[in-house]
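As provided, start.txt (compact mmCIF, C-alpha atoms (C1' of nucleotides)) reads as follows.
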```txt
# COMPACT_ATOMS: atom_id res chain seq x y z
CA MET A 245 24.56 38.07 -24.31
CA THR A 246 27.73 39.78 -25.43
CA LEU A 247 28.94 39.67 -29.00
CA THR A 248 32.61 40.51 -29.53
CA LEU A 249 33.94 41.68 -32.88
CA ALA A 250 37.59 42.27 -33.70
CA SER A 251 39.31 43.97 -36.62
CA TRP A 252 42.92 43.05 -37.38
CA ASN A 253 45.20 43.79 -40.31
CA VAL A 254 47.40 40.67 -40.20
CA ASN A 255 49.83 41.60 -43.02
CA SER A 256 49.73 38.15 -44.69
CA ILE A 257 47.62 35.35 -43.19
CA LYS A 258 50.25 32.78 -44.16
CA ALA A 259 53.10 34.57 -42.40
CA ARG A 260 50.82 35.27 -39.43
CA LEU A 261 48.94 32.00 -39.05
CA PRO A 262 50.55 30.81 -35.77
CA ASN A 263 49.99 34.23 -34.18
CA VAL A 264 46.42 34.41 -35.44
CA LEU A 265 45.55 30.91 -34.22
CA ASP A 266 47.10 31.63 -30.80
CA TRP A 267 45.11 34.84 -30.48
CA LEU A 268 41.82 33.26 -31.57
CA LYS A 269 42.31 30.51 -28.99
CA GLU A 270 43.20 33.02 -26.30
CA LYS A 271 40.45 35.60 -26.92
CA SER A 272 37.83 33.65 -28.78
CA PRO A 273 36.12 36.66 -30.41
CA ASP A 274 32.77 35.87 -32.02
CA ILE A 275 33.54 37.73 -35.25
CA VAL A 276 36.92 38.70 -36.70
CA CYS A 277 37.41 41.02 -39.66
CA LEU A 278 40.84 40.47 -41.21
CA GLN A 279 42.68 42.68 -43.69
CA GLU A 280 45.76 42.23 -45.87
CA ILE A 281 45.46 38.48 -46.03
CA LYS A 282 47.70 38.69 -49.15
CA THR A 283 46.49 35.48 -50.71
CA VAL A 284 43.99 34.11 -53.16
CA ASP A 285 40.91 32.48 -51.63
CA ASP A 286 42.02 28.93 -52.44
CA ALA A 287 45.26 29.32 -50.49
CA PHE A 288 43.66 30.79 -47.36
CA PRO A 289 44.34 28.47 -44.38
CA ARG A 290 40.65 27.90 -43.83
CA LEU A 291 40.77 24.44 -42.21
CA GLU A 292 42.99 25.52 -39.33
CA ILE A 293 40.61 28.36 -38.53
CA GLU A 294 37.46 26.29 -39.05
CA ASP A 295 38.88 23.84 -36.50
CA LEU A 296 38.57 26.61 -33.91
CA GLY A 297 34.85 26.89 -34.61
CA TYR A 298 34.75 29.68 -37.18
CA ASN A 299 32.90 30.03 -40.43
CA VAL A 300 35.31 31.57 -42.94
CA GLU A 301 34.58 33.88 -45.86
CA THR A 302 37.30 35.55 -47.90
CA ALA A 303 37.76 38.05 -50.70
CA GLY A 304 41.38 37.59 -51.67
CA GLN A 305 43.78 38.27 -54.51
CA LYS A 306 47.36 37.39 -55.29
CA SER A 307 50.12 39.10 -53.32
CA TYR A 308 48.32 42.19 -52.13
CA ASN A 309 45.30 43.34 -50.15
CA GLY A 310 42.58 40.77 -49.42
CA VAL A 311 39.99 40.70 -46.62
CA ALA A 312 38.15 38.01 -44.67
CA ILE A 313 35.40 37.54 -42.11
CA LEU A 314 35.56 34.81 -39.48
CA SER A 315 32.41 34.12 -37.47
CA LYS A 316 31.47 31.65 -34.78
CA LEU A 317 27.86 32.60 -35.46
CA PRO A 318 26.16 31.51 -38.67
CA ILE A 319 26.79 33.68 -41.72
CA GLU A 320 23.40 34.15 -43.34
CA GLU A 321 24.65 35.87 -46.45
CA ILE A 322 27.66 37.44 -48.08
CA ALA A 323 26.07 40.66 -49.28
CA HIS A 324 29.12 41.93 -51.17
CA ARG A 325 32.65 40.80 -52.04
CA VAL A 326 33.40 44.06 -53.82
CA LEU A 327 32.53 47.55 -52.61
CA PRO A 328 29.53 48.69 -54.69
CA GLY A 329 30.16 51.49 -57.16
CA ASN A 330 32.75 49.72 -59.32
CA GLU A 331 32.23 46.01 -59.86
CA ASP A 332 35.43 45.90 -61.93
CA GLU A 333 37.49 46.86 -58.88
CA PRO A 334 40.75 44.90 -59.23
CA GLN A 335 41.78 45.30 -55.59
CA ALA A 336 40.25 43.02 -52.91
CA ARG A 337 39.38 45.49 -50.18
CA TYR A 338 35.81 44.80 -49.08
CA ILE A 339 33.61 41.96 -47.89
CA GLU A 340 30.23 42.32 -46.18
CA ALA A 341 28.38 39.59 -44.31
CA VAL A 342 25.02 39.32 -42.59
CA ILE A 343 25.55 37.37 -39.38
CA ALA A 344 22.86 35.69 -37.30
CA ALA A 345 23.26 37.05 -33.78
CA GLU A 346 20.93 36.22 -30.89
CA THR A 347 19.09 39.51 -31.24
CA GLY A 348 18.77 39.20 -35.02
CA PRO A 349 20.90 39.94 -38.06
CA VAL A 350 24.07 42.01 -37.67
CA ARG A 351 25.75 43.32 -40.80
CA CYS A 352 29.56 43.36 -40.69
CA ALA A 353 32.07 44.57 -43.26
CA SER A 354 35.81 43.99 -43.34
CA ILE A 355 37.41 47.00 -45.00
CA TYR A 356 40.95 47.60 -46.23
CA LEU A 357 40.90 51.21 -47.31
CA PRO A 358 43.63 52.30 -49.75
CA ASN A 359 46.75 53.78 -48.16
CA GLY A 360 46.89 56.62 -50.68
CA ASN A 361 50.57 57.48 -50.54
CA PRO A 362 52.27 59.25 -52.15
CA ALA A 363 49.95 62.24 -51.88
CA PRO A 364 49.08 64.05 -53.98
CA GLY A 365 49.03 61.69 -56.93
CA PRO A 366 46.99 58.94 -58.58
CA LYS A 367 47.12 56.67 -55.53
CA TYR A 368 45.72 59.45 -53.40
CA GLU A 369 42.98 60.12 -55.93
CA TYR A 370 42.13 56.42 -55.79
CA LYS A 371 41.90 56.60 -51.99
CA LEU A 372 39.53 59.57 -52.07
CA ALA A 373 37.40 58.01 -54.81
CA TRP A 374 37.21 54.76 -52.83
CA MET A 375 36.10 56.69 -49.74
CA GLU A 376 33.42 58.41 -51.83
CA ARG A 377 32.15 54.96 -52.86
CA LEU A 378 32.27 53.77 -49.26
CA LYS A 379 30.27 56.79 -48.17
CA ALA A 380 27.59 56.14 -50.78
CA HIS A 381 27.31 52.51 -49.74
CA ALA A 382 27.37 53.35 -46.03
CA ALA A 383 24.43 55.69 -46.65
CA GLU A 384 22.50 52.87 -48.29
CA LEU A 385 23.19 50.58 -45.35
CA LEU A 386 21.70 53.07 -42.90
CA LYS A 387 18.37 52.77 -44.67
CA LEU A 388 18.19 49.12 -43.60
CA GLU A 389 18.01 50.23 -39.95
CA GLU A 390 20.08 47.24 -38.88
CA PRO A 391 23.02 47.00 -36.52
CA VAL A 392 25.92 47.61 -38.94
CA ILE A 393 29.61 47.40 -38.03
CA LEU A 394 32.06 48.67 -40.64
CA ALA A 395 35.37 47.36 -39.32
CA GLY A 396 38.78 47.67 -40.79
CA ASP A 397 42.03 49.35 -41.61
CA TYR A 398 40.84 52.77 -42.74
CA ASN A 399 44.36 54.16 -43.19
CA ILE A 400 43.06 57.35 -41.56
CA ILE A 401 44.45 59.05 -38.45
CA PRO A 402 41.29 60.84 -37.28
CA ARG A 403 42.76 63.28 -34.74
CA ASP A 404 46.17 64.59 -33.74
CA ASP A 405 45.57 62.64 -30.50
CA ASP A 406 45.77 59.47 -32.57
CA VAL A 407 49.43 59.83 -33.52
CA HIS A 408 52.66 60.02 -31.59
CA ASP A 409 53.98 63.01 -33.53
CA ALA A 410 51.44 64.67 -35.79
CA ALA A 411 53.99 67.08 -37.25
CA ALA A 412 56.09 64.18 -38.50
CA TRP A 413 53.08 62.96 -40.49
CA ALA A 414 52.19 66.30 -42.08
CA GLY A 415 51.26 65.84 -45.71
CA ASP A 416 50.88 62.07 -45.45
CA ALA A 417 47.80 60.48 -47.05
CA LEU A 418 46.77 59.06 -43.65
CA ILE A 419 46.47 62.47 -41.99
CA ARG A 420 45.74 64.99 -44.75
CA GLU A 421 42.76 67.25 -44.28
CA GLU A 422 40.96 65.79 -47.32
CA SER A 423 41.38 62.29 -45.86
CA ARG A 424 40.05 63.35 -42.48
CA ASP A 425 37.18 65.21 -44.09
CA ALA A 426 36.23 62.15 -46.13
CA PHE A 427 36.28 59.98 -43.00
CA ALA A 428 34.27 62.55 -41.07
CA ALA A 429 31.74 62.72 -43.92
CA ILE A 430 31.00 59.02 -43.44
CA LYS A 431 30.53 59.57 -39.71
CA TRP A 432 28.23 62.52 -40.37
CA LEU A 433 25.89 60.20 -42.23
CA GLY A 434 25.08 58.82 -38.80
CA TYR A 435 27.91 56.46 -37.88
CA THR A 436 29.73 56.40 -34.58
CA GLU A 437 33.47 55.75 -34.45
CA ALA A 438 33.54 53.38 -31.50
CA PHE A 439 36.89 54.16 -29.95
CA GLU A 440 36.69 57.93 -30.30
CA GLN A 441 33.39 57.92 -28.42
CA ALA A 442 35.08 56.59 -25.29
CA ASP A 443 35.99 59.83 -23.56
CA GLY A 444 39.49 60.81 -22.60
CA ARG A 445 41.38 58.24 -24.58
CA ALA A 446 44.28 59.60 -26.53
CA HIS A 447 47.52 58.26 -27.94
CA GLN A 448 46.36 54.68 -28.10
CA TYR A 449 47.50 53.12 -31.32
CA THR A 450 46.72 50.18 -33.56
CA PHE A 451 49.75 50.36 -35.89
CA TRP A 452 53.47 50.66 -35.31
CA ASP A 453 55.85 50.62 -38.27
CA TYR A 454 58.39 47.82 -38.45
CA GLN A 455 61.09 50.43 -39.02
CA ALA A 456 63.08 52.62 -36.67
CA GLY A 457 62.01 50.92 -33.45
CA ALA A 458 58.50 52.34 -33.67
CA TRP A 459 57.02 49.63 -31.41
CA PRO A 460 59.48 49.85 -28.47
CA LYS A 461 59.27 53.64 -28.68
CA ASN A 462 55.45 53.49 -28.89
CA ASN A 463 55.67 55.62 -31.99
CA GLY A 464 52.32 54.55 -33.40
CA ILE A 465 49.14 55.67 -35.10
CA ARG A 466 45.46 54.76 -34.67
CA ILE A 467 44.12 53.81 -38.08
CA ASP A 468 41.99 50.70 -37.45
CA HIS A 469 38.42 51.65 -36.64
CA LEU A 470 34.92 50.36 -36.01
CA LEU A 471 32.17 52.52 -37.50
CA LEU A 472 28.77 51.75 -36.01
CA SER A 473 25.27 52.39 -37.28
CA PRO A 474 22.90 53.79 -34.63
CA LYS A 475 21.53 50.36 -33.77
CA ALA A 476 25.05 49.00 -33.27
CA ALA A 477 26.22 52.09 -31.38
CA ASP A 478 23.29 51.77 -28.98
CA ARG A 479 24.47 48.28 -28.15
CA LEU A 480 28.16 49.06 -27.69
CA GLU A 481 29.46 47.97 -24.30
CA SER A 482 33.18 48.60 -24.68
CA VAL A 483 35.97 48.89 -27.20
CA GLU A 484 39.62 48.14 -26.55
CA ILE A 485 42.87 47.90 -28.45
CA ASP A 486 44.65 44.63 -27.65
CA ARG A 487 48.36 45.40 -27.81
CA GLY A 488 49.29 41.80 -27.06
CA PRO A 489 49.74 40.51 -30.60
CA ARG A 490 52.02 43.40 -31.60
CA GLY A 491 54.55 42.37 -28.98
CA LYS A 492 54.88 38.77 -30.18
CA GLU A 493 57.57 37.25 -32.38
CA LYS A 494 56.72 37.55 -36.08
CA ALA A 495 54.08 40.19 -35.31
CA SER A 496 51.92 42.04 -37.79
CA ASP A 497 52.56 45.78 -37.79
CA HIS A 498 48.89 46.19 -36.72
CA THR A 499 47.22 44.93 -33.54
CA PRO A 500 43.52 44.08 -33.08
CA ILE A 501 40.78 46.44 -31.97
CA VAL A 502 37.92 44.63 -30.24
CA GLY A 503 34.36 45.82 -29.61
CA ALA A 504 31.84 44.21 -27.27
CA PHE A 505 28.14 44.58 -28.03
CA ARG A 506 24.85 43.60 -26.43
CA LEU A 507 23.79 41.76 -29.54
C1' DA B 188 78.78 46.86 -35.16
C1' DT B 189 79.22 52.90 -41.13
C1' DG B 190 73.70 49.10 -39.67
C1' DG B 191 68.80 49.97 -38.83
C1' DT B 192 61.45 46.39 -41.53
C1' DC B 193 58.56 43.22 -43.51
C1' DG B 194 56.01 40.15 -46.94
C1' DG B 195 55.26 38.52 -51.41
C1' DT B 196 57.47 38.28 -55.28
C1' DC B 197 59.54 37.72 -62.48
C1' DC B 198 64.89 40.65 -57.64
C1' DC B 199 61.36 45.49 -56.71
C1' DC B 200 56.85 47.16 -55.00
C1' DG B 201 53.63 48.28 -51.44
C1' DA B 202 53.07 49.45 -46.79
```
Using structure tokens, write down the structure from this file.
Amino acid sequence: MTLTLASWNVNSIKARLPNVLDWLKEKSPDIVCLQEIKTVDDAFPRLEIEDLGYNVETAGQKSYNGVAILSKLPIEEIAHRVLPGNEDEPQARYIEAVIAAETGPVRCASIYLPNGNPAPGPKYEYKLAWMERLKAHAAELLKLEEPVILAGDYNIIPRDDDVHDAAAWAGDALIREESRDAFAAIKWLGYTEAFEQADGRAHQYTFWDYQAGAWPKNNGIRIDHLLLSPKAADRLESVEIDRGPRGKEKASDHTPIVGAFRL
DNA sequence: ATGGTCGGTCCCCGA
């Protein structure tokens, strides 16, 4: 049995609803981690998505940020709606569910990591502090020895091969050495970055800016990632970026990344 | 073509 899990920053679920519904109907992923839903929970278009066979859990806020998990499989538990380490966190950037897969529970998080620009500055400090919290929590999750998939918009360009023109991004919060080191530190705990593991793939992107014709010029960056615990990594069959949604009318500036697992 | 992004909004801010 194959379980498919997608991560997609939709840049407003209300503005993107027709595109999202079309894509869910077309691809029918088992689990979808959404970011930047940009709405409070009560205004999330849950019925339209439930009609397609999904259970829906959200952690939203007004205007900005907001994450959700959609699952065709039963959601056993929402383990967290705020990233542990600061329960007073005002920004909705984390939700973690335990999902009942055929092989047993699979723990999935939808993550919207702070952008961090301009760097240096307080927003960048917030990004690094948030990553420190994520690392501490990710370490705790490893102790459970479960399949864990930490999916989301990490706002991190891991390698120069993940950007059209690395020099043009020098100094940006998404590519700075401290950002990359913080991302690598989470991997070093024992997580596998799914896409990077697939050999020989370079210059495949998940985000293209709305400005300056970035999409037609394929001037993109790879910032949406799936981090896998050992038990999830062992079960990884494939991971692909689906460029389809980025080419549609009224597209998000991100496109989905989809992993397939023997789970 | 002296322009050139979106989305959510207390009309700018965040990306």
### Query
What is the CA of Val311 in chain A-CA of Ala414 in chain A distance in Å, reported with one decimal?
28.7 Å
### Task
Show me which bits of chain A are within 8 Å of chain B, counting all atoms listed in the file, as an MDAnalysis selection string.
chainID A and resid 255:256 259 282 307:308 359 453:456
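Using all atoms listed in the file, the shortest contact distance between Val254 in chain A and any of A:Ala312, A:Ala287, A:Ala344, A:Leu394 is found at A:Ala312.
Interatomic distance, CA of Gly444 in chain A against CA of Asp486 in chain A: 17.7 Å.
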#### Entry: Interatomic distance (Å, one decimal) between CA of Trp432 in chain A and CA of Leu472 in chain A
11.6 Å
### Task
List every protein, DNA or RNA residue with an atom no more than 10 Å from (47.2, 52.3, -28.0) in the file's coordinates, counting all atoms listed in the file, and format the result as an MDAnalysis selection string.
chainID A and resid 406:407 445:452 462:466 484:487 499 501
Test item: axis-aligned box, all listed atoms of range 371-390 of chain A, 8 Å on each side, centre and edges in Å rounded to one decimal, as AutoDock Vina command-line options:
```
--center_x 30.0 --center_y 53.4 --center_z -46.8 --size_x 39.9 --size_y 28.3 --size_z 31.9
```
### Message
With all atoms listed in the file as the counted atoms, please give the residues lying no more than 12 Å from range 325-332 of chain A, apart from itself and same-chain residues fewer than 4 positions off, as a PyMOL selection string.
### Response
chain A and resi 285+301-305+310-313+321+336-341+353-357+373-385
